[in-house]
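Visitor: Got a structure for you, written out below as structure tokens; questions coming shortly.
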Amino acid sequence: MPDIIHLLPDNLANQIAAGEVIQRPASAVKELLENAVDAGATEIRLFIQEAGKSLIQVVDNGSGMSETDARIAFERHATSKIRNIDDLFHIRTMGFRGEALASIAAVAQVELKTRRAEDETGTFIAIENSRVTRQEPVAAPTGTSIAMKNLFFNVPARRNFLKSNTAEMRHIVDEFIRVALAYPSVFFSLNGNGQELMHLDKGSLKQRIVQILGNSHASKLVSVQENTDYLNIYGFVGKPETAKKTRGDQYLFVNNRFIRSAYLNHAVMNAYREMIPAESFPLYVMFIDLDPSQVDVNVHPTKQEIKFEDEKIVYAFVQAAVKHSLAQFSITPTLDFDLDPSIQRLDAVSKPVSEEKKAAVASSSLYQTFTQKNQAHFIEPTNKSELRHWKDFYEAPAAGATGQPVGPSGSAATQPSAASGEQQPAPPVKIQPIENAPLQQLLNTYIVTPTNRSFILVHQQAAHERILYERYAAAAAGKTIPSQKSLFPVTLTLSAPDAIMLSELLPDLLLLGYTIEPFGKDSFIVQGTPADTGQGEERSVLENLLEQYKHFTSEIRFSKREKLIRTMARQQAVRPGNVLGEKEMRTLVDELFACQQPNITPGGDPTYIEFKKDYVEKLFGRY
Ligand SMILES: Nc1ncnc2c1ncn2[C@@H]1O[C@H](COP(=O)(O)OP(=O)(O)OP(=O)(O)O)[C@@H](O)[C@H]1O
Ligand SMILES: [Mg+2]
């Protein structure tokens with residue numbers, strides 16, 4: 001029998017290895033950007049076509065490569081960054097494996113142009129299937145340009161596995177932002193399909209954060225800065241009021257490398273304990289710098305997970321640093337630092353904030369805005385907890401008995417469940433408010449009205465949300481909402497990521513009555529809005545919409561359109577506290593009961609509570 005083991009040809013071996021490093025266009029973007037940073041570039045430009053599926057190109061003004069280096073750079077394990085295992089524990093560069101370019105060359109058609117400052121001519125190299133197909137001298141500016149075309153052209157299974165352009169572009173923007181945040185002193189630009197989507201001038205970290213996350217964040221950042229012998233922590237955390245319902249703007253970097261760490265994230269969250277409502281997420285952009293020998297970055301192919309020599313101490317430091325920063329801007333000096341004793345001894349932690357310092361801080365403008373309405377530590381009760389209250393109220397006396405007040409659809413009110421939202425069964429007996437019966441608004445929040453079998457308290461906001469949801473869903477399904485032309489078209493200028501997001505939503509927004517046209521870089525003109533949006537409110541309505549859309553709570557389950565519809569319904573619904581006239585109440589109740597599923601909001605909360613006579617009688621001791 002012949003021997004059966006053989007060595008894989010290089011290109012196949014490279015392709016297999018590439019599976020780990022280059023999973024999608026965004027991974028290639030990350031690798032190329034990191035290489036440019038490692039090459040000492042001060043200007044880095046990223047060009048994308050078709051969400052990276054047809055082109056990813058990074059142009060930098062870094063060191064460039066010699067002809068020989070340029071050629072060898074695409075070999076596996078070719079790196080200029082480490083020489084031996086020891087170096088691995090002193091790494092200051094982003095790269096060290098010598099894998100990235102080899103992987104890229106295995107799964108795309110690559111063109112490299114590079115020149116060092118000291119060389120007169122540069123080098124051009126074209127590679128396909130890991131093989132050099134062309135190499136020649138070329139005139140080129142100092143630095144390197146690497147273009148990869150038709151990613152996964154030779155691995156169709158992987159290509160088919162890619163998500164929509166929208167989804168892949170989102171990943172690319174995420175990677176771009178992570179690198180750009182870590183290097184605020186480097187100029188970055190992102191160009192998508194021929195348009196400049198982001199333009200990030202060199203500046204301070206704070207400026208970079210604001211460039212990326214939007215101007216509105218400028219006054220909401222609190223600086224974190226703790227220097228110790230063991231590690232340094234610096235960056236910015238959001239004031240408690242920036243906490244959002246979804247974790248989005250949370251960035252942690254170790255030695256300038258973006259990492260994911262549930263453990264350290266917990267440390268930050270812990271520092272915010274009791275300052276923000278449960279299940280909400282504060283913004284943070286934090287950098288931990290420590291001796292590279294204290295971290296192992298080689299535990300994951302994409303280097304986004306790392307291992308600390310002493311994880312506990314890093315946790316304690318992070319928590320202390322954040323607490324300390326927040327405390328400086330806080331009104332209550334009661335924040336406790338019940339930490340590891342070794343941490344307690346640190347200057348930054350142990351030195352109490354002096355009275356003078358407190359006084360100085362208290363008069364600063366940052367402090368003033370931070371503690372507006374004295375709410376720094378005020379936790380707003382959420383709707384949910386109020387609902388629980390309701391539950392206690394009507395479950396206790398007559399659980400299971402007929403005639404107890406029931407939420408719409410039987411148990412829906414007692415167990416509101418966002419997850420099962422739309423799957424709730426319809427109410428068994430159709431409940432119908434009595435036509436033309438008087439309506440009464442209570443506490444500017446509820447509408448009370450008799451029905452064919454009971455009386456109900458309709459929650460005006462929840463009911464309106466249901467009505468709008470069904471209206472928007474119908475619009476998206478073809479019954480387009482007419483757009484009323486704005487008398488004075490409004491221009492809207494957004495942060496770059498928001499502009500990208502809005503561009504993606506334009507077709508859906510058109511169905512919902514918004515005529516919005518792109519108008520130069522990151523700007524749009526609002527030509528028309530749905531008839532029920534007041535003129536002059538376009539800007540705030542759209543800005544709010546984007547904000548809420550971005551932080552939509554159940555983002556994964558829904559399509560882009562469903563998310564948009566739900567966000568819009570939630571945003572546009574009338575709020576508690578609004579006084580409603582007789583006619584408005586009538587329309588609200590009539591439209592609610594004309595809905596396909598009148599009993600719950602799209603998120604699964606009840607829109608009304610029903611009080612049956614039997615139950616009310618029981619309360620009066622009449623049974
Ligand atoms: N933009 C660039 N400018 C200058 N040299 C570069 C550039 N990109 C790559 N190189 C050179 O090519 C080598 C190989 O790059 P590659 O990304 O494959 O490996 P690496 O960065 O060393 O390690 P890793 O696989 O962890 O990224 C680098 O070590 C560097 O010397
Ligand atoms: Mg690299």
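Ordered as shown in the structure tokens, chains take letters A, B, and onward, while each chain numbers its residues from 1 and ligands are numbered from 1 in the order shown.
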List the neighbours of segment 202-204 of chain A out to 10 Å using only C-alpha atoms; skip same-chain residues closer than 6 positions along the sequence, and give me the result as a list in words.
Guide: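 Surrounding residues, per the criterion: Thr42, Glu43, Ala180, Leu181, Tyr183, Pro184, Ser185, Val186, Phe187, Phe188, Val210 and Gln211 of chain A.
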Visitor: Would you list the residues that come within 6 Å of ligand 2? Count only C-alpha atoms and all ligand atoms and give the answer as JSON, numbers by chain.
Guide: {"A": [31, 35, 95, 100]}
Visitor: Could you name the residues that touch segment 191-193 of chain A at 7 Å or less, counting only C-alpha atoms, but leaving out those on the same chain fewer than 3 positions away, as a PDB file with N, CA, C and O atoms, in the first residue's frame?
Guide:
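Result file follows (result-v7.pdb):
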ATOM      1  N   LEU A  46      -8.564  54.528   4.093  1.00  0.00           N
ATOM      2  CA  LEU A  46      -9.187  53.240   3.783  1.00  0.00           C
ATOM      3  C   LEU A  46     -10.223  53.444   2.685  1.00  0.00           C
ATOM      4  O   LEU A  46     -11.062  54.349   2.781  1.00  0.00           O
ATOM      5  N   PHE A  47     -10.129  52.623   1.646  1.00  0.00           N
ATOM      6  CA  PHE A  47     -11.097  52.701   0.550  1.00  0.00           C
ATOM      7  C   PHE A  47     -11.842  51.377   0.453  1.00  0.00           C
ATOM      8  O   PHE A  47     -11.215  50.310   0.471  1.00  0.00           O
ATOM      9  N   ILE A  48     -13.146  51.470   0.357  1.00  0.00           N
ATOM     10  CA  ILE A  48     -13.970  50.263   0.329  1.00  0.00           C
ATOM     11  C   ILE A  48     -14.907  50.330  -0.863  1.00  0.00           C
ATOM     12  O   ILE A  48     -15.478  51.378  -1.145  1.00  0.00           O
ATOM     13  N   GLN A  49     -15.039  49.213  -1.562  1.00  0.00           N
ATOM     14  CA  GLN A  49     -16.090  49.114  -2.575  1.00  0.00           C
ATOM     15  C   GLN A  49     -16.949  47.922  -2.212  1.00  0.00           C
ATOM     16  O   GLN A  49     -16.427  46.871  -1.836  1.00  0.00           O
ATOM     17  N   GLU A  50     -18.242  48.076  -2.323  1.00  0.00           N
ATOM     18  CA  GLU A  50     -19.183  46.966  -2.075  1.00  0.00           C
ATOM     19  C   GLU A  50     -18.901  46.283  -0.753  1.00  0.00           C
ATOM     20  O   GLU A  50     -18.738  45.064  -0.698  1.00  0.00           O
ATOM     21  N   GLU A 196     -16.419  59.990   0.685  1.00  0.00           N
ATOM     22  CA  GLU A 196     -15.719  60.019   1.964  1.00  0.00           C
ATOM     23  C   GLU A 196     -16.743  59.938   3.095  1.00  0.00           C
ATOM     24  O   GLU A 196     -17.572  60.827   3.270  1.00  0.00           O
ATOM     25  N   LEU A 197     -16.693  58.850   3.854  1.00  0.00           N
ATOM     26  CA  LEU A 197     -17.690  58.650   4.907  1.00  0.00           C
ATOM     27  C   LEU A 197     -17.183  59.162   6.255  1.00  0.00           C
ATOM     28  O   LEU A 197     -17.954  59.589   7.093  1.00  0.00           O
ATOM     29  N   MET A 198     -15.887  59.068   6.467  1.00  0.00           N
ATOM     30  CA  MET A 198     -15.329  59.579   7.720  1.00  0.00           C
ATOM     31  C   MET A 198     -14.013  60.266   7.413  1.00  0.00           C
ATOM     32  O   MET A 198     -13.229  59.795   6.590  1.00  0.00           O
TER      33      MET A 198
END
Visitor: Find the residue from A:Gln304, A:Ser293, A:Thr242, A:Asn11 that sits nearest to ligand 1; use only C-alpha atoms and all ligand atoms when measuring.
Guide: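 Smallest distance to ligand 1 is found for A:Gln304.
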Visitor: Which residues are near ligand 1 in this structure, taking near to mean any atom at most 6 Å from a ligand atom and counting only C-alpha atoms and all ligand atoms? Format them as a ChimeraX atom specification.
Guide: /A:31,35-36,39,62-65,73,78-81,95-102,144
Visitor: So which residues of segment 32-156 of chain A fall under strand (DSSP E or B) by DSSP, listed as a PDB file with N, CA and C atoms, in the first residue's frame?
Guide:
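Output file part_25.pdb follows:
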ATOM      1  N   GLU A  43      -0.782  59.180   8.362  1.00  0.00           N
ATOM      2  CA  GLU A  43      -2.015  59.354   7.581  1.00  0.00           C
ATOM      3  C   GLU A  43      -2.394  58.015   6.988  1.00  0.00           C
ATOM      4  N   ILE A  44      -3.623  57.607   7.261  1.00  0.00           N
ATOM      5  CA  ILE A  44      -4.061  56.295   6.789  1.00  0.00           C
ATOM      6  C   ILE A  44      -5.424  56.441   6.128  1.00  0.00           C
ATOM      7  N   ARG A  45      -5.494  55.981   4.905  1.00  0.00           N
ATOM      8  CA  ARG A  45      -6.764  56.105   4.179  1.00  0.00           C
ATOM      9  C   ARG A  45      -7.286  54.728   3.814  1.00  0.00           C
ATOM     10  N   LEU A  46      -8.564  54.528   4.093  1.00  0.00           N
ATOM     11  CA  LEU A  46      -9.187  53.240   3.783  1.00  0.00           C
ATOM     12  C   LEU A  46     -10.223  53.444   2.685  1.00  0.00           C
ATOM     13  N   PHE A  47     -10.129  52.623   1.646  1.00  0.00           N
ATOM     14  CA  PHE A  47     -11.097  52.701   0.550  1.00  0.00           C
ATOM     15  C   PHE A  47     -11.842  51.377   0.453  1.00  0.00           C
ATOM     16  N   ILE A  48     -13.146  51.470   0.357  1.00  0.00           N
ATOM     17  CA  ILE A  48     -13.970  50.263   0.329  1.00  0.00           C
ATOM     18  C   ILE A  48     -14.907  50.330  -0.863  1.00  0.00           C
ATOM     19  N   GLN A  49     -15.039  49.213  -1.562  1.00  0.00           N
ATOM     20  CA  GLN A  49     -16.090  49.114  -2.575  1.00  0.00           C
ATOM     21  C   GLN A  49     -16.949  47.922  -2.212  1.00  0.00           C
ATOM     22  N   LEU A  55     -13.510  45.525  -3.144  1.00  0.00           N
ATOM     23  CA  LEU A  55     -12.218  46.176  -2.896  1.00  0.00           C
ATOM     24  C   LEU A  55     -12.054  46.600  -1.433  1.00  0.00           C
ATOM     25  N   ILE A  56     -10.879  46.311  -0.913  1.00  0.00           N
ATOM     26  CA  ILE A  56     -10.436  46.895   0.357  1.00  0.00           C
ATOM     27  C   ILE A  56      -9.037  47.428   0.083  1.00  0.00           C
ATOM     28  N   GLN A  57      -8.839  48.690   0.281  1.00  0.00           N
ATOM     29  CA  GLN A  57      -7.501  49.247   0.021  1.00  0.00           C
ATOM     30  C   GLN A  57      -7.108  50.156   1.177  1.00  0.00           C
ATOM     31  N   VAL A  58      -5.869  49.983   1.641  1.00  0.00           N
ATOM     32  CA  VAL A  58      -5.357  50.873   2.680  1.00  0.00           C
ATOM     33  C   VAL A  58      -4.113  51.561   2.144  1.00  0.00           C
ATOM     34  N   VAL A  59      -4.117  52.871   2.218  1.00  0.00           N
ATOM     35  CA  VAL A  59      -2.973  53.648   1.732  1.00  0.00           C
ATOM     36  C   VAL A  59      -2.375  54.365   2.938  1.00  0.00           C
ATOM     37  N   ASP A  60      -1.087  54.150   3.176  1.00  0.00           N
ATOM     38  CA  ASP A  60      -0.481  54.821   4.327  1.00  0.00           C
ATOM     39  C   ASP A  60       0.780  55.559   3.918  1.00  0.00           C
ATOM     40  N   GLN A 109      -7.258  38.848  -4.620  1.00  0.00           N
ATOM     41  CA  GLN A 109      -6.236  39.295  -5.571  1.00  0.00           C
ATOM     42  C   GLN A 109      -5.635  40.565  -4.988  1.00  0.00           C
ATOM     43  N   VAL A 110      -4.317  40.524  -4.755  1.00  0.00           N
ATOM     44  CA  VAL A 110      -3.707  41.614  -4.007  1.00  0.00           C
ATOM     45  C   VAL A 110      -2.739  42.420  -4.876  1.00  0.00           C
ATOM     46  N   GLU A 111      -2.786  43.718  -4.727  1.00  0.00           N
ATOM     47  CA  GLU A 111      -1.800  44.572  -5.394  1.00  0.00           C
ATOM     48  C   GLU A 111      -1.134  45.459  -4.364  1.00  0.00           C
ATOM     49  N   LEU A 112       0.198  45.389  -4.345  1.00  0.00           N
ATOM     50  CA  LEU A 112       0.952  46.167  -3.369  1.00  0.00           C
ATOM     51  C   LEU A 112       1.820  47.185  -4.099  1.00  0.00           C
ATOM     52  N   LYS A 113       1.841  48.379  -3.561  1.00  0.00           N
ATOM     53  CA  LYS A 113       2.734  49.403  -4.079  1.00  0.00           C
ATOM     54  C   LYS A 113       3.413  49.987  -2.852  1.00  0.00           C
ATOM     55  N   THR A 114       4.721  50.009  -2.850  1.00  0.00           N
ATOM     56  CA  THR A 114       5.369  50.493  -1.630  1.00  0.00           C
ATOM     57  C   THR A 114       6.708  51.142  -1.953  1.00  0.00           C
ATOM     58  N   ARG A 115       7.075  52.133  -1.163  1.00  0.00           N
ATOM     59  CA  ARG A 115       8.406  52.744  -1.339  1.00  0.00           C
ATOM     60  C   ARG A 115       8.884  53.280   0.004  1.00  0.00           C
ATOM     61  N   GLY A 122       9.871  52.677  -6.205  1.00  0.00           N
ATOM     62  CA  GLY A 122       9.130  51.770  -5.337  1.00  0.00           C
ATOM     63  C   GLY A 122       8.945  50.424  -6.008  1.00  0.00           C
ATOM     64  N   THR A 123       8.165  49.548  -5.333  1.00  0.00           N
ATOM     65  CA  THR A 123       7.948  48.205  -5.852  1.00  0.00           C
ATOM     66  C   THR A 123       6.458  47.967  -6.036  1.00  0.00           C
ATOM     67  N   PHE A 124       6.125  47.351  -7.167  1.00  0.00           N
ATOM     68  CA  PHE A 124       4.742  46.934  -7.377  1.00  0.00           C
ATOM     69  C   PHE A 124       4.719  45.415  -7.425  1.00  0.00           C
ATOM     70  N   ILE A 125       3.793  44.814  -6.706  1.00  0.00           N
ATOM     71  CA  ILE A 125       3.670  43.348  -6.730  1.00  0.00           C
ATOM     72  C   ILE A 125       2.195  42.988  -6.838  1.00  0.00           C
ATOM     73  N   ALA A 126       1.883  42.067  -7.764  1.00  0.00           N
ATOM     74  CA  ALA A 126       0.506  41.557  -7.838  1.00  0.00           C
ATOM     75  C   ALA A 126       0.532  40.083  -7.468  1.00  0.00           C
ATOM     76  N   ILE A 127      -0.441  39.677  -6.666  1.00  0.00           N
ATOM     77  CA  ILE A 127      -0.458  38.290  -6.181  1.00  0.00           C
ATOM     78  C   ILE A 127      -1.850  37.705  -6.342  1.00  0.00           C
ATOM     79  N   GLU A 128      -1.904  36.460  -6.726  1.00  0.00           N
ATOM     80  CA  GLU A 128      -3.186  35.781  -6.812  1.00  0.00           C
ATOM     81  C   GLU A 128      -2.977  34.350  -6.355  1.00  0.00           C
ATOM     82  N   ARG A 131       0.379  33.375  -5.224  1.00  0.00           N
ATOM     83  CA  ARG A 131       1.527  33.392  -6.144  1.00  0.00           C
ATOM     84  C   ARG A 131       1.706  34.774  -6.750  1.00  0.00           C
ATOM     85  N   VAL A 132       2.964  35.181  -6.821  1.00  0.00           N
ATOM     86  CA  VAL A 132       3.250  36.484  -7.417  1.00  0.00           C
ATOM     87  C   VAL A 132       3.030  36.390  -8.924  1.00  0.00           C
ATOM     88  N   THR A 133       2.173  37.238  -9.457  1.00  0.00           N
ATOM     89  CA  THR A 133       1.902  37.183 -10.896  1.00  0.00           C
ATOM     90  C   THR A 133       2.613  38.311 -11.642  1.00  0.00           C
ATOM     91  N   ARG A 134       2.988  39.349 -10.910  1.00  0.00           N
ATOM     92  CA  ARG A 134       3.691  40.463 -11.551  1.00  0.00           C
ATOM     93  C   ARG A 134       4.532  41.160 -10.509  1.00  0.00           C
ATOM     94  N   GLN A 135       5.704  41.604 -10.893  1.00  0.00           N
ATOM     95  CA  GLN A 135       6.505  42.422  -9.985  1.00  0.00           C
ATOM     96  C   GLN A 135       7.318  43.379 -10.834  1.00  0.00           C
ATOM     97  N   GLU A 136       7.265  44.648 -10.500  1.00  0.00           N
ATOM     98  CA  GLU A 136       8.046  45.614 -11.286  1.00  0.00           C
ATOM     99  C   GLU A 136       8.322  46.869 -10.476  1.00  0.00           C
ATOM    100  N   PRO A 137       9.376  47.612 -10.838  1.00  0.00           N
ATOM    101  CA  PRO A 137       9.620  48.884 -10.157  1.00  0.00           C
ATOM    102  C   PRO A 137       8.530  49.866 -10.549  1.00  0.00           C
ATOM    103  N   VAL A 138       8.251  50.801  -9.683  1.00  0.00           N
ATOM    104  CA  VAL A 138       7.162  51.725  -9.959  1.00  0.00           C
ATOM    105  C   VAL A 138       7.430  53.041  -9.241  1.00  0.00           C
ATOM    106  N   GLY A 143       5.634  55.185   1.522  1.00  0.00           N
ATOM    107  CA  GLY A 143       4.544  54.525   2.233  1.00  0.00           C
ATOM    108  C   GLY A 143       4.088  53.313   1.464  1.00  0.00           C
ATOM    109  N   THR A 144       2.930  52.832   1.826  1.00  0.00           N
ATOM    110  CA  THR A 144       2.463  51.571   1.260  1.00  0.00           C
ATOM    111  C   THR A 144       0.992  51.669   0.895  1.00  0.00           C
ATOM    112  N   SER A 145       0.662  51.054  -0.226  1.00  0.00           N
ATOM    113  CA  SER A 145      -0.751  50.909  -0.574  1.00  0.00           C
ATOM    114  C   SER A 145      -0.994  49.436  -0.835  1.00  0.00           C
ATOM    115  N   ILE A 146      -1.951  48.865  -0.127  1.00  0.00           N
ATOM    116  CA  ILE A 146      -2.292  47.470  -0.399  1.00  0.00           C
ATOM    117  C   ILE A 146      -3.760  47.415  -0.785  1.00  0.00           C
ATOM    118  N   ALA A 147      -4.017  46.875  -1.970  1.00  0.00           N
ATOM    119  CA  ALA A 147      -5.405  46.752  -2.418  1.00  0.00           C
ATOM    120  C   ALA A 147      -5.731  45.279  -2.527  1.00  0.00           C
ATOM    121  N   MET A 148      -6.821  44.860  -1.897  1.00  0.00           N
ATOM    122  CA  MET A 148      -7.238  43.473  -2.097  1.00  0.00           C
ATOM    123  C   MET A 148      -8.587  43.473  -2.780  1.00  0.00           C
ATOM    124  N   LYS A 149      -8.616  42.742  -3.887  1.00  0.00           N
ATOM    125  CA  LYS A 149      -9.829  42.745  -4.705  1.00  0.00           C
ATOM    126  C   LYS A 149     -10.507  41.391  -4.637  1.00  0.00           C
TER     127      LYS A 149
END
Visitor: For Thr142 of chain A, please output as an MDAnalysis selection string all residues within 6 Å (counting only C-alpha atoms; exclusion window: fewer than 6 positions along the same chain).
Guide: chainID A and resid 61 115:117
Visitor: Quick one: distance from atom CA of Asp69 of chain A to atom CA of Ile82 of chain A in Å, one decimal?
Guide: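 Distance reported for this atom pair: 14.7 Å.
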Visitor: Of the candidates A:Pro25, A:Asn150, A:Asp614, A:Val314, which one gets nearest to Ala167 of chain A if we count only C-alpha atoms?
Guide: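 Checking each of A:Pro25, A:Asn150, A:Asp614, A:Val314 against Ala167 of chain A, counting only C-alpha atoms, the winner is A:Pro25.
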Visitor: Taking only C-alpha atoms into account, which of A:Gln527, A:Thr451, A:Thr68, A:Thr246 comes nearest Phe611 of chain A?
Guide: A:Thr451
Visitor: Could you state the separation of atom CA of Tyr549 of chain A and atom CA of Val526 of chain A in Å, given to one decimal place?
Guide: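 A separation of 18.2 Å between them.
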Visitor: How many Å lie between atom CA of Ser216 of chain A and atom CA of Leu200 of chain A, rounded to one decimal?
Guide: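 Atom CA of Ser216 of chain A sits 16.7 Å away from atom CA of Leu200 of chain A.
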Visitor: List as a PyMOL selection string the protein and nucleic acid residues near Asp289 of chain A, meaning an atom at most 10 Å away when only C-alpha atoms are counted, but skip any in the same chain fewer than 4 places from it.
Guide: chain A and resi 227+230-234+253-257
Visitor: With only C-alpha atoms as the atoms that count, which of A:Glu538, A:Glu562, A:Glu168, A:Asp590 lies nearest to Ala437 of chain A?
Guide: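 Among A:Glu538, A:Glu562, A:Glu168, A:Asp590, it is A:Asp590 that comes nearest to Ala437 of chain A.
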Visitor: Would you pick out the contacts of Pro438 of chain A at 10 Å or less, using only C-alpha atoms, so that residues sharing its chain but fewer than 2 positions from it are not included, and give the list as a ChimeraX atom specification?
Guide: /A:434-436,440,448-450,582,585-586
